[in-house]
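Student: Pasting in a structure now, in structure tokens, and then I'll have a few things to ask.
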There are 2 protein chains.
Amino acid sequence: MDLPVIGEQPSERADAALNRTRILSAAKKLFAERGISCTSMDAIAAEAGVGKGTLFRRFGDRATLALAVLDDSERELQDDLLRGPPPLGPGAPPCERIIAFGEAMLDALELNSEILVEAERRGGLIDSAPRRVHRLHLRNLLAEADPEGDSDYLVDVLLGPLSPSIFIFEREIAEMDLGRLKDGYADLVDRVLR
Amino acid sequence: MDLPVIGEQPSERADAALNRTRILSAAKKLFAERGISCTSMDAIAAEAGVGKGTLFRRFGDRATLALAVLDDSERELQDDLLRGPPPLGPGAPPCERIIAFGEAMLDALELNSEILVEAERRGGLIDSAPRRVHRLHLRNLLAEADPEGDSDYLVDVLLGPLSPSIFIFEREIAEMDLGRLKDGYADLVDRVLR
DNA sequence: AGCATAAGCGGACCATGGTCCAGTTACCGA
DNA sequence: TCGGTAACTGGACCATGGTCCGCTTATGCT
């Protein structure tokens with residue numbers, strides 16, 4: 001099975017690599033300082049000491065850059081899913097792994113919701129590399145837990161409450177706390193797979 | 001209970017009313033002709049024979065305008081929910097009404113997904129007036145069907161697969177047909193409320 | 001009818017995401 | 001070491017969503 005991973009090109013020119021790291025740390029810094037929605041692409045390019053064309057050549061657009069900033073934690077999550085201790089990693093029954101996955105995602109959202117919303121805005125997130133990994137992971141667990149059901153459809157159902165815009169709504173407008181979202185998710189998985 | 005409705009102000013100057021309808025029909029026409037993503041706000045203002053300032057004064061932003069274009073069909077849906085024949089309207093058991101609601105929403109998405117995605121993009125859709133009505137409607141049915149559950153959370157779960165971006169993904173990228181989405185939704189409701 | 005006033009109007013203006021391409025430079029093979 | 005080349009760079013440029021504010025006009029009151 002060939003998991004898509006985010007890594008870099010096989011060969012990258014030294015100056016290009018330097019610029020990439022400069023851009024990424026500039027973006028991280030500015031996002032942290034003033035929030036992502038108050039940070040223009042111009043400002044990131046300036047902070048990185050790089051031209052705007054370079055920035056867009058490397059990252060394509062704002063959403064992709066936002067996602068790239070989260071690359072580290074995404075890598076870590078993916079690693080835990082494949083090789084970490086149960087119930088997140090292999091070894092636990094599928095239901096429990098699904099719930100653990102949901103909780104891990106909710107924790108990640110709690111930390112990075114602003115950036116993730118930005119990534120979602122252009123519509124690119126839903127079919128991005130990390131999301132495809134999540135989808136595949138969940139799909140396999142679902143098929144294992146309930147071979148009869150329409151796993152491909154249920155995947156989308158179970159990913160819904162883990163999408164940034166819904167999370168933000170629940171958290172900030174509906175004012176539900178994180179514990180309630182985790183309980184709700186576990187209950188949902190239980191209802192769907194019982 | 002006070003349902004938010006989309007209607008107009010109590011008093012509206014005649015010239016303003018004229019401009020509003022001009023803008024709405026210009027938008028409808030251009031959306032239909034060339035698709036919403038190829039229609040700039042400038043173009044709509046020009047087609048309506050109105051200044052850009054007027055357009056934005058009346059509708060605030062692109063997402064709101066998109067939503068206003070769908071006002072008619074939204075009104076119709078709301079009316080069916082409150083006063084139409086069962087199972088969409090009152091009279092059927094809550095489970096069936098929820099499924100009927102889901103199917104009606106999926107039909108609406110099939111017709112207007114492009115416009116709805118646009119409305120969603122700015123993040124405004126999730127807390128818009130129509131969405132609040134849908135949420136309230138579903139919440140009441142859910143509470144009736146399952147007084148024990150966390151209705152407020154489950155509402156978001158059941159609205160997820162009815163959100164434009166997920167619908168588009170399932171329909172165009174995952175290539176599921178409309179019937180499959182309806183079956184999946186009915187099955188989901190059954191699993192959650194069984 | 002005439003006036004006062006608040007509402008409405010429109011286009012100049014701004015910020016920003018994204019594109020383009022002429023010039024530059026790192027890399028590789030000889 | 002050196003030349004060819006493909007990749008990289010950066011900032012001028014464009015399109016477009018959205019704001020602002022001085023001017024216009026409908027409306028209601030007398």
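By convention in this document, the chains of the structure tokens carry letters A, B, ... by their order, each chain's residues are numbered from 1, and ligands are numbered from 1 in the order they are shown.
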Sort by chain and increasing residue number a table of all residues of chain C within 10 Å of range 9-29 of chain B, each with its closest pair of atoms and their distance in Å to one decimal, counting only C-alpha atoms (C1' of nucleotides), and write it as a tab-separated table.

Tutor:
```
residue	atom	partner	partner_atom	distance
C:DA7	C1'	B:Arg13	CA	7.9
C:DG8	C1'	B:Ala16	CA	6.9
C:DC9	C1'	B:Ala16	CA	9.3
```

Student: Grab the residues selected above and save them as a tab-separated table (two decimals), in the first residue's frame with C-alpha atoms (C1' of nucleotides).

Tutor:
```
chain	number	residue	atom	x	y	z
C	7	DA	C1'	-31.17	56.87	2.98
C	8	DG	C1'	-29.14	55.56	-1.04
C	9	DC	C1'	-25.75	55.86	-4.81
```

Student: Dump as CSV the rows for residues of chain B within 9 Å of chain D: closest atom pair and distance in Å with one decimal, only C-alpha atoms (C1' of nucleotides) counted, ordered by chain and rising residue number.

Tutor:
```
residue,atom,partner,partner_atom,distance
B:Arg13,CA,D:DA26,C1',7.0
B:Ala14,CA,D:DA26,C1',7.8
B:Asp15,CA,D:DA26,C1',7.9
B:Ser40,CA,D:DT16,C1',7.1
B:Met41,CA,D:DG17,C1',7.6
B:Asp42,CA,D:DT16,C1',8.1
B:Gly53,CA,D:DT19,C1',8.5
B:Phe56,CA,D:DG18,C1',7.7
B:Gly60,CA,D:DG18,C1',8.8
B:Asp61,CA,D:DG18,C1',7.7
B:Arg62,CA,D:DG17,C1',8.0
```

Student: Under the rule of at most 10 Å, produce a per-residue listing of chain C near chain A: chain, number, name, the closest pair of atoms, and the distance in Å, as JSON lines, using only C-alpha atoms (C1' of nucleotides).

Tutor:
```
{"residue": "C:DA15", "atom": "C1'", "partner": "A:Ser40", "partner_atom": "CA", "distance": 9.5}
{"residue": "C:DT16", "atom": "C1'", "partner": "A:Ser40", "partner_atom": "CA", "distance": 7.1}
{"residue": "C:DG17", "atom": "C1'", "partner": "A:Met41", "partner_atom": "CA", "distance": 7.6}
{"residue": "C:DG18", "atom": "C1'", "partner": "A:Asp61", "partner_atom": "CA", "distance": 7.7}
{"residue": "C:DT19", "atom": "C1'", "partner": "A:Gly53", "partner_atom": "CA", "distance": 8.4}
{"residue": "C:DC20", "atom": "C1'", "partner": "A:Gly53", "partner_atom": "CA", "distance": 9.0}
{"residue": "C:DT25", "atom": "C1'", "partner": "A:Asp15", "partner_atom": "CA", "distance": 9.2}
{"residue": "C:DA26", "atom": "C1'", "partner": "A:Arg13", "partner_atom": "CA", "distance": 6.9}
{"residue": "C:DC27", "atom": "C1'", "partner": "A:Arg13", "partner_atom": "CA", "distance": 8.0}
```

Student: Show me which bits of chain A are within 7 Å of chain B, counting only C-alpha atoms, as a ChimeraX atom specification.

Tutor: /A:121,153,157,160-161,184,191-192

Student: Report as a list in words all protein, DNA and RNA residues lying within 8 Å of Leu141 in chain B, evaluated on only C-alpha atoms (C1' of nucleotides), omitting residues in the same chain fewer than 6 positions from it.

Tutor: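 Non-adjacent residues within range: Pro94, Cys95, Arg97 and Ile98 of chain B.
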
Student: Could you tell me how far CA of Ala46 in chain B sits from C1' of DG10 in chain C, in Å to one decimal place?

Tutor: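 Interatomic distance, C1' of DG10 in chain C to CA of Ala46 in chain B: 11.3 Å.
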
Student: Determine which residues of range 34-155 of chain A receive a DSSP assignment of helix (DSSP H, G or I), computed from the backbone, and state them as JSON, numbers by chain.

Tutor: {"A": [34, 36, 37, 38, 41, 42, 43, 44, 45, 46, 47, 48, 52, 53, 54, 55, 56, 57, 58, 59, 62, 63, 64, 65, 66, 67, 68, 69, 71, 72, 73, 74, 75, 76, 77, 78, 79, 80, 81, 82, 83, 94, 95, 96, 97, 98, 99, 100, 101, 102, 103, 104, 105, 106, 107, 108, 109, 110, 111, 112, 113, 114, 115, 116, 117, 118, 119, 120, 121, 125, 126, 127, 129, 130, 131, 132, 133, 134, 135, 136, 137, 138, 139, 140, 141, 142, 143, 144, 145, 151, 152, 153, 154, 155]}

Student: May I ask for the distance between CA of Glu114 in chain B and CA of Leu70 in chain A, given in Å to one decimal place?

Tutor: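 Going from CA of Glu114 in chain B over to CA of Leu70 in chain A covers 29.1 Å.
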
Student: At what distance in Å, to one decimal, does CA of Glu110 in chain B lie from CA of Ala63 in chain A?

Tutor: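 CA of Glu110 in chain B lies 26.5 Å from CA of Ala63 in chain A.
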
Student: Need to verify the contact set: Thr39 in chain A, 10 Å, only C-alpha atoms (C1' of nucleotides), exclusion of same-chain residues closer than 6 positions in sequence. Can you return it as a list in words?

Tutor: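 Listed by chain and then number, they are Ala27, Leu30, Phe31, Ala32 and Glu33 of chain A.
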
Student: Could you write those residues out with N, CA and C atoms, as a PDB file, in the first residue's frame?

Tutor:
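Output (result-v8.pdb):
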```
ATOM      1  N   ALA A  27       6.842  32.141   8.100  1.00  0.00           N
ATOM      2  CA  ALA A  27       5.398  31.940   8.194  1.00  0.00           C
ATOM      3  C   ALA A  27       5.009  31.523   9.607  1.00  0.00           C
ATOM      4  N   LEU A  30       5.252  34.604  11.943  1.00  0.00           N
ATOM      5  CA  LEU A  30       4.194  35.600  11.772  1.00  0.00           C
ATOM      6  C   LEU A  30       2.823  35.052  12.164  1.00  0.00           C
ATOM      7  N   PHE A  31       2.543  33.806  11.817  1.00  0.00           N
ATOM      8  CA  PHE A  31       1.267  33.217  12.220  1.00  0.00           C
ATOM      9  C   PHE A  31       1.138  33.269  13.736  1.00  0.00           C
ATOM     10  N   ALA A  32       2.217  32.919  14.410  1.00  0.00           N
ATOM     11  CA  ALA A  32       2.178  32.893  15.871  1.00  0.00           C
ATOM     12  C   ALA A  32       2.039  34.301  16.432  1.00  0.00           C
ATOM     13  N   GLU A  33       2.736  35.252  15.831  1.00  0.00           N
ATOM     14  CA  GLU A  33       2.750  36.617  16.375  1.00  0.00           C
ATOM     15  C   GLU A  33       1.422  37.332  16.231  1.00  0.00           C
TER      16      GLU A  33
END
```
